[in-house]
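Student: Next up is a structure, given as structure tokens.
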Amino acid sequence: MKRTIIIIITLAILGGGFITFYLLKNKEENIPEELIQVEDNTPQHNIIGSSVEGRTIDAYTYGNGSENIAFVGGIHGGYEWNSVLLAYRFMDYLEANPEIIPDNLSVTIIPSANPDGIYKVTGKEDRFTTADIPDSEATVSGRFNANEVDLNRNFDCKWQPESTWRSQPVSAGSSAFSEPEAQAIKNFVLNKSPLAVIFWHSQSNAVYASECEKGVLPETLNIMNTYAKASGYKAIATFDSYPVTGDAEGWLASINIPAITVELETHESIDWEQNLAGVKALFDYYKQKGDQPTGILPFDSGVTGEVFLGPTCPVVKEPADPNCADKPYQTTVQVIRTGSPKSSPFAVIETDKDGKFEIMLPPGEYGLQAIGGKPFPFCETKNVTIEPSLIIKESLTCDSGIR
Ligand SMILES: [Zn+2]
């Protein structure tokens, strides 16, 4: 009896397997080849954040290489809607032509970095077309996000509450990265560590380099010239038409990530052939760089150290009493970028129980501030310079107040 049941079950499994195999085989034969290919090229879709009004900010990644380059459209929303249409066109193109992406690269497109600004002008939640665009005067207010902030003034590079756009003052937010759309880009960059970021804007018909406090990165000049030469846009190393603070490209420069701004020729055109040539030239550039990785994240620079608390005895003797030596202090250390307010630290770390801490940071100037008490322990702020490819050592001391 048992054996009969086992045989029946075995036959059922085999039979089922055969039928499934047969069905699958037939199904496969019925799918046209093009459709199978489209399936394979579907990009990886990530929601990297959402806007003030709750619209998603999406990132689409094509190709499987270990290094990433990223393209961002529409940071100026409905005022520069053509930069979003260009991004959509590239998404379709990469899906249909995945072979143009070099093996060592993956390519992320963030087509619409200011979806509320796009919605204001087009009334569309998803993709729009030129038919959804009103006349050009009506698009200006779509430049800003729903808090009336110019997002390309909200990044942490020389940030000020008010900045300029041409001769007009514009709001730059209540602090650097106060706006969720800017935070989405920041988080994407810190997670993905792209080799470079290209921003599509309109309409000055040129490619611009980027800089913050320390000048233009050499790699930024390379990709600016590569894109400009192939596309036919003018290359402009320094933007000095009017003072700009808090721009995204400058922030990227400040963390050593090359970034360029591509300004389309008008507010309506997408300059497709020009930009396709520019993007293909960038792909070739990174293909040639091949196996020499230039990514800087995770950072290979930073600081390690210890926090001490002292004095530990009311009277300091000569020679020093070893029992009265400063002792390790377990606390929190804030890392503040020089020039940024203390209220918005770049990073916050906890020491271990021996007061030891370690953090990887992009090159730059920082203040290290251990957290004490009120009024004691009183902890000093130490200014440090993080150099590329170097982990420096710094100890911090806090005054116990014991005398
Ligand atoms: Zn713009």
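In the structure tokens, chains take letters A, B, ... by order of appearance, with residues numbered from 1 within each chain and ligands from 1 in the order shown.
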Give me, as CSV, each residue of chain A that comes within 6 Å of ligand 1, together with its shortest interatomic pair and the distance in Å at one decimal, counting only C-alpha atoms and all ligand atoms, with rows ordered by chain and rising residue number.
Tutor:
```
residue,atom,partner,partner_atom_place_in_ligand_line,distance
A:His76,CA,ligand 1,1 (Zn),5.0
A:His201,CA,ligand 1,1 (Zn),4.4
A:Ser202,CA,ligand 1,1 (Zn),5.6
```
Student: Enumerate, as a compact mmCIF listing (two decimals) with N, CA and C atoms, in the first residue's frame, the complete set of residues in range 101-299 of chain A that a backbone-based DSSP assignment places in helix (DSSP H, G or I).
Tutor:
```txt
# COMPACT_ATOMS: atom_id res chain seq x y z
N PRO A 115 9.94 67.29 -8.87
CA PRO A 115 8.66 66.89 -9.47
C PRO A 115 7.50 67.84 -9.15
N ASP A 116 7.56 68.56 -8.01
CA ASP A 116 6.49 69.52 -7.72
C ASP A 116 6.53 70.68 -8.72
N GLY A 117 7.74 71.10 -9.07
CA GLY A 117 7.89 72.18 -10.05
C GLY A 117 7.40 71.76 -11.42
N ILE A 118 7.61 70.49 -11.76
CA ILE A 118 7.11 69.96 -13.04
C ILE A 118 5.58 69.88 -13.01
N TYR A 119 5.05 69.42 -11.87
CA TYR A 119 3.60 69.29 -11.75
C TYR A 119 2.92 70.65 -11.88
N LYS A 120 3.54 71.66 -11.27
CA LYS A 120 2.96 73.00 -11.29
C LYS A 120 2.74 73.49 -12.73
N VAL A 121 3.66 73.11 -13.60
CA VAL A 121 3.60 73.59 -14.98
C VAL A 121 2.84 72.65 -15.90
N THR A 122 3.03 71.33 -15.71
CA THR A 122 2.44 70.37 -16.66
C THR A 122 1.13 69.77 -16.16
N THR A 130 5.44 67.66 -24.74
CA THR A 130 5.42 69.11 -25.02
C THR A 130 3.99 69.64 -25.09
N ALA A 131 3.04 68.75 -25.40
CA ALA A 131 1.64 69.18 -25.47
C ALA A 131 1.11 69.64 -24.11
N ASP A 132 1.76 69.22 -23.02
CA ASP A 132 1.31 69.59 -21.67
C ASP A 132 1.90 70.91 -21.19
N SER A 136 5.65 80.09 -22.40
CA SER A 136 6.88 80.08 -21.60
C SER A 136 6.82 80.99 -20.36
N GLU A 137 6.07 82.11 -20.42
CA GLU A 137 6.04 82.98 -19.22
C GLU A 137 5.44 82.25 -18.01
N ALA A 138 4.53 81.30 -18.29
CA ALA A 138 3.84 80.61 -17.21
C ALA A 138 4.71 79.55 -16.54
N THR A 139 5.92 79.32 -17.04
CA THR A 139 6.74 78.24 -16.49
C THR A 139 7.70 78.71 -15.40
N VAL A 140 7.90 80.05 -15.26
CA VAL A 140 8.94 80.55 -14.35
C VAL A 140 8.74 80.06 -12.92
N SER A 141 7.49 80.09 -12.42
CA SER A 141 7.27 79.71 -11.03
C SER A 141 7.57 78.23 -10.79
N GLY A 142 7.58 77.44 -11.86
CA GLY A 142 7.90 76.01 -11.73
C GLY A 142 9.37 75.73 -11.51
N ARG A 143 10.18 76.80 -11.50
CA ARG A 143 11.61 76.64 -11.21
C ARG A 143 11.84 76.16 -9.78
N LEU A 151 16.15 74.87 -5.60
CA LEU A 151 16.87 73.69 -5.09
C LEU A 151 18.36 73.73 -5.41
N ASN A 152 18.70 74.38 -6.51
CA ASN A 152 20.12 74.43 -6.86
C ASN A 152 20.85 75.55 -6.12
N ARG A 153 20.26 75.99 -5.01
CA ARG A 153 20.92 76.91 -4.07
C ARG A 153 20.87 76.32 -2.66
N PRO A 180 13.64 68.41 0.96
CA PRO A 180 13.72 66.95 0.77
C PRO A 180 14.27 66.55 -0.59
N GLU A 181 14.06 67.41 -1.61
CA GLU A 181 14.55 67.07 -2.94
C GLU A 181 16.09 67.12 -2.96
N ALA A 182 16.67 68.11 -2.26
CA ALA A 182 18.13 68.20 -2.20
C ALA A 182 18.69 67.04 -1.37
N GLN A 183 17.97 66.70 -0.30
CA GLN A 183 18.39 65.55 0.52
C GLN A 183 18.40 64.26 -0.29
N ALA A 184 17.42 64.11 -1.18
CA ALA A 184 17.35 62.88 -1.99
C ALA A 184 18.61 62.74 -2.85
N ILE A 185 19.03 63.87 -3.45
CA ILE A 185 20.25 63.83 -4.28
C ILE A 185 21.46 63.53 -3.39
N LYS A 186 21.50 64.20 -2.23
CA LYS A 186 22.63 63.98 -1.32
C LYS A 186 22.72 62.50 -0.93
N ASN A 187 21.59 61.91 -0.52
CA ASN A 187 21.61 60.52 -0.09
C ASN A 187 21.99 59.59 -1.23
N PHE A 188 21.46 59.88 -2.41
CA PHE A 188 21.82 59.06 -3.56
C PHE A 188 23.34 59.09 -3.77
N VAL A 189 23.90 60.30 -3.75
CA VAL A 189 25.34 60.44 -4.02
C VAL A 189 26.16 59.73 -2.94
N LEU A 190 25.78 59.90 -1.68
CA LEU A 190 26.57 59.28 -0.61
C LEU A 190 26.45 57.76 -0.64
N ASN A 191 25.29 57.24 -1.06
CA ASN A 191 25.13 55.79 -1.16
C ASN A 191 25.79 55.19 -2.38
N LYS A 192 25.68 55.88 -3.49
CA LYS A 192 26.08 55.30 -4.78
C LYS A 192 27.52 55.63 -5.12
N PRO A 218 40.54 68.52 -11.39
CA PRO A 218 41.08 68.22 -12.73
C PRO A 218 40.16 67.30 -13.53
N GLU A 219 39.57 66.34 -12.85
CA GLU A 219 38.69 65.39 -13.52
C GLU A 219 37.43 66.10 -14.05
N THR A 220 36.99 67.13 -13.35
CA THR A 220 35.83 67.90 -13.82
C THR A 220 36.15 68.57 -15.15
N LEU A 221 37.36 69.11 -15.26
CA LEU A 221 37.75 69.75 -16.52
C LEU A 221 37.79 68.71 -17.65
N ASN A 222 38.29 67.51 -17.33
CA ASN A 222 38.35 66.45 -18.35
C ASN A 222 36.96 66.14 -18.89
N ILE A 223 36.00 65.93 -18.00
CA ILE A 223 34.68 65.52 -18.50
C ILE A 223 33.93 66.70 -19.11
N MET A 224 34.17 67.91 -18.60
CA MET A 224 33.56 69.09 -19.23
C MET A 224 34.03 69.19 -20.68
N ASN A 225 35.34 69.07 -20.87
CA ASN A 225 35.88 69.20 -22.22
C ASN A 225 35.44 68.05 -23.12
N THR A 226 35.34 66.83 -22.55
CA THR A 226 34.90 65.67 -23.34
C THR A 226 33.48 65.88 -23.85
N TYR A 227 32.59 66.29 -22.94
CA TYR A 227 31.18 66.47 -23.30
C TYR A 227 31.04 67.64 -24.28
N ALA A 228 31.75 68.74 -23.99
CA ALA A 228 31.62 69.94 -24.82
C ALA A 228 32.12 69.68 -26.24
N LYS A 229 33.25 69.03 -26.34
CA LYS A 229 33.85 68.78 -27.65
C LYS A 229 32.92 67.92 -28.51
N ALA A 230 32.38 66.85 -27.91
CA ALA A 230 31.53 65.94 -28.69
C ALA A 230 30.18 66.58 -29.03
N SER A 231 29.65 67.38 -28.12
CA SER A 231 28.29 67.92 -28.32
C SER A 231 28.29 69.22 -29.11
N ALA A 248 24.34 72.46 -6.40
CA ALA A 248 24.59 71.02 -6.25
C ALA A 248 25.97 70.63 -6.77
N GLU A 249 26.34 71.23 -7.90
CA GLU A 249 27.62 70.87 -8.51
C GLU A 249 28.77 71.29 -7.60
N GLY A 250 28.63 72.46 -6.97
CA GLY A 250 29.67 72.93 -6.04
C GLY A 250 29.80 72.00 -4.84
N TRP A 251 28.66 71.54 -4.32
CA TRP A 251 28.71 70.59 -3.20
C TRP A 251 29.46 69.33 -3.60
N LEU A 252 29.17 68.82 -4.80
CA LEU A 252 29.87 67.62 -5.27
C LEU A 252 31.37 67.90 -5.37
N ALA A 253 31.73 69.08 -5.89
CA ALA A 253 33.16 69.43 -5.96
C ALA A 253 33.77 69.41 -4.57
N SER A 254 33.01 69.88 -3.57
CA SER A 254 33.54 69.96 -2.20
C SER A 254 33.79 68.58 -1.61
N TRP A 272 18.90 66.70 -28.98
CA TRP A 272 19.14 65.26 -28.82
C TRP A 272 20.47 64.79 -29.41
N GLU A 273 20.73 65.13 -30.66
CA GLU A 273 21.95 64.61 -31.29
C GLU A 273 23.19 65.11 -30.55
N GLN A 274 23.15 66.39 -30.14
CA GLN A 274 24.29 66.96 -29.43
C GLN A 274 24.55 66.22 -28.11
N ASN A 275 23.47 66.00 -27.36
CA ASN A 275 23.65 65.37 -26.05
C ASN A 275 23.96 63.88 -26.16
N LEU A 276 23.40 63.23 -27.18
CA LEU A 276 23.74 61.82 -27.38
C LEU A 276 25.24 61.70 -27.66
N ALA A 277 25.75 62.62 -28.49
CA ALA A 277 27.20 62.60 -28.77
C ALA A 277 28.00 62.87 -27.50
N GLY A 278 27.53 63.80 -26.68
CA GLY A 278 28.22 64.12 -25.43
C GLY A 278 28.25 62.94 -24.47
N VAL A 279 27.11 62.28 -24.33
CA VAL A 279 27.02 61.15 -23.41
C VAL A 279 27.85 59.97 -23.92
N LYS A 280 27.79 59.71 -25.22
CA LYS A 280 28.60 58.62 -25.78
C LYS A 280 30.09 58.90 -25.57
N ALA A 281 30.47 60.16 -25.71
CA ALA A 281 31.89 60.52 -25.51
C ALA A 281 32.29 60.28 -24.05
N LEU A 282 31.39 60.57 -23.13
CA LEU A 282 31.69 60.28 -21.71
C LEU A 282 31.83 58.77 -21.50
N PHE A 283 30.93 58.00 -22.11
CA PHE A 283 31.03 56.53 -21.97
C PHE A 283 32.40 56.06 -22.47
N ASP A 284 32.82 56.58 -23.63
CA ASP A 284 34.13 56.19 -24.18
C ASP A 284 35.25 56.58 -23.22
N TYR A 285 35.10 57.76 -22.68
CA TYR A 285 36.13 58.27 -21.75
C TYR A 285 36.28 57.32 -20.56
N TYR A 286 35.15 56.90 -20.00
CA TYR A 286 35.23 56.02 -18.82
C TYR A 286 35.59 54.58 -19.21
N LYS A 287 35.24 54.20 -20.42
CA LYS A 287 35.64 52.86 -20.90
C LYS A 287 37.17 52.82 -20.98
N GLN A 288 37.77 53.88 -21.51
CA GLN A 288 39.22 53.91 -21.63
C GLN A 288 39.90 53.92 -20.28
N LYS A 289 39.28 54.58 -19.35
CA LYS A 289 39.87 54.58 -18.00
C LYS A 289 39.84 53.16 -17.43
```
Student: As a ChimeraX atom specification, which residues of range 56-300 of chain A does DSSP assign to strand (DSSP E or B)?
Tutor: /A:56-62,67-73,105-110,149,162-165,168-171,196-202,206-208,211,216,234-236,259-264
Student: Tell me, as a ChimeraX atom specification, which residues lie within 10 Å of Glu365 in chain A, counting only C-alpha atoms; anything in the same chain fewer than 5 positions away does not count.
Tutor: /A:335-339,383-387
Student: Would you mind telling me which residue in A:Phe199, A:Phe144, A:Phe378, A:Trp159 lies nearest to Ala87 in chain A when using only C-alpha atoms?
Tutor: A:Phe199
Student: Expressed in Å to a single decimal, how great is the separation between CA of Pro102 in chain A and CA of Leu195 in chain A?
Tutor: 13.9 Å
Student: Have a look at A:Asp326, A:Asp300, A:Glu179, A:Glu125 and name the one nearest to Phe155 in chain A; count only C-alpha atoms.
Tutor: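 Under the stated criterion, the closest residue is A:Glu179.
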Student: How far is it from CA of Thr108 in chain A to CA of Arg127 in chain A, in Å with one decimal?
Tutor: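 Taking CA of Thr108 in chain A as the start and CA of Arg127 in chain A as the end point, the length is 17.6 Å.
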Student: Contacts of Ile392 in chain A at 8 Å or less, counting only C-alpha atoms, minus same-chain residues fewer than 6 places along, as number ranges by chain?
Tutor: A: 301-304, 386
Student: Go ahead and write the residues just picked, C-alpha atoms, as a short mmCIF file (atom, residue, chain, number, x, y, z; two decimals), in the first residue's frame.
Tutor:
```cif
data_model
loop_
_atom_site.label_atom_id
_atom_site.label_comp_id
_atom_site.auth_asym_id
_atom_site.auth_seq_id
_atom_site.Cartn_x
_atom_site.Cartn_y
_atom_site.Cartn_z
CA SER A 301 40.62 59.35 4.07
CA GLY A 302 39.45 60.22 7.55
CA VAL A 303 40.42 60.68 11.15
CA THR A 304 41.00 58.39 14.08
CA ILE A 386 41.67 65.77 5.91
#
```
Student: So which one's closest to Asp247 in chain A, A:Thr164, A:Asn154, A:Thr331, A:Thr312? Using only C-alpha atoms, please.
Tutor: A:Asn154
Student: What separation in Å, quoted to one decimal, exists between CA of Gly63 in chain A and CA of Pro388 in chain A?
Tutor: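 Atom-to-atom, CA of Gly63 in chain A to CA of Pro388 in chain A, that is 29.4 Å.
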Student: Excluding same-chain residues fewer than 4 positions from Glu265 in chain A, what lies within 10 Å of it counting only C-alpha atoms, as a ChimeraX atom specification?
Tutor: /A:201-206,233,269-271
Student: May I have the selected residues written with N, CA and C atoms, as a short mmCIF file (atom, residue, chain, number, x, y, z; two decimals), in the first residue's frame?
Tutor:
```cif
data_model
loop_
_atom_site.label_atom_id
_atom_site.label_comp_id
_atom_site.auth_asym_id
_atom_site.auth_seq_id
_atom_site.Cartn_x
_atom_site.Cartn_y
_atom_site.Cartn_z
N HIS A 201 20.40 71.28 -17.52
CA HIS A 201 19.63 72.51 -17.28
C HIS A 201 19.34 73.13 -18.65
N SER A 202 18.65 74.29 -18.62
CA SER A 202 18.55 75.12 -19.81
C SER A 202 18.47 76.57 -19.33
N GLN A 203 18.84 77.53 -20.09
CA GLN A 203 19.17 77.54 -21.48
C GLN A 203 20.38 78.40 -21.77
N SER A 204 21.58 78.06 -21.38
CA SER A 204 22.71 78.92 -21.77
C SER A 204 23.63 78.30 -22.80
N ASN A 205 23.24 77.13 -23.34
CA ASN A 205 23.95 76.61 -24.51
C ASN A 205 25.43 76.42 -24.23
N ALA A 206 25.75 75.79 -23.10
CA ALA A 206 27.16 75.62 -22.72
C ALA A 206 27.29 74.50 -21.70
N TYR A 233 28.71 72.08 -27.59
CA TYR A 233 28.46 73.18 -26.64
C TYR A 233 29.79 73.83 -26.26
N SER A 269 14.08 73.09 -26.67
CA SER A 269 14.75 72.01 -27.42
C SER A 269 15.35 70.99 -26.46
N ILE A 270 15.55 69.73 -26.93
CA ILE A 270 16.32 68.80 -26.11
C ILE A 270 17.70 68.55 -26.73
N ASP A 271 17.98 69.14 -27.86
CA ASP A 271 19.30 69.03 -28.51
C ASP A 271 19.77 67.58 -28.52
#
```
Student: Just want the 10 Å neighbourhood of Asn64 in chain A, counted on only C-alpha atoms, with same-chain residues fewer than 5 positions away dropped. Output as a ChimeraX atom specification.
Tutor: /A:101-107
Student: So, with only C-alpha atoms as the atoms that count, which of A:Thr129, A:Ser389, A:Thr381, A:Ser163 lies closest to Pro363 in chain A?
Tutor: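 Nearest to Pro363 in chain A: A:Ser389.
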Student: Quick one: residues within 7 Å of range 110-112 of chain A, only C-alpha atoms counted, chain neighbours fewer than 4 positions away excluded, as an MDAnalysis selection string?
Tutor: chainID A and resid 57:60 71:75 84 87:88
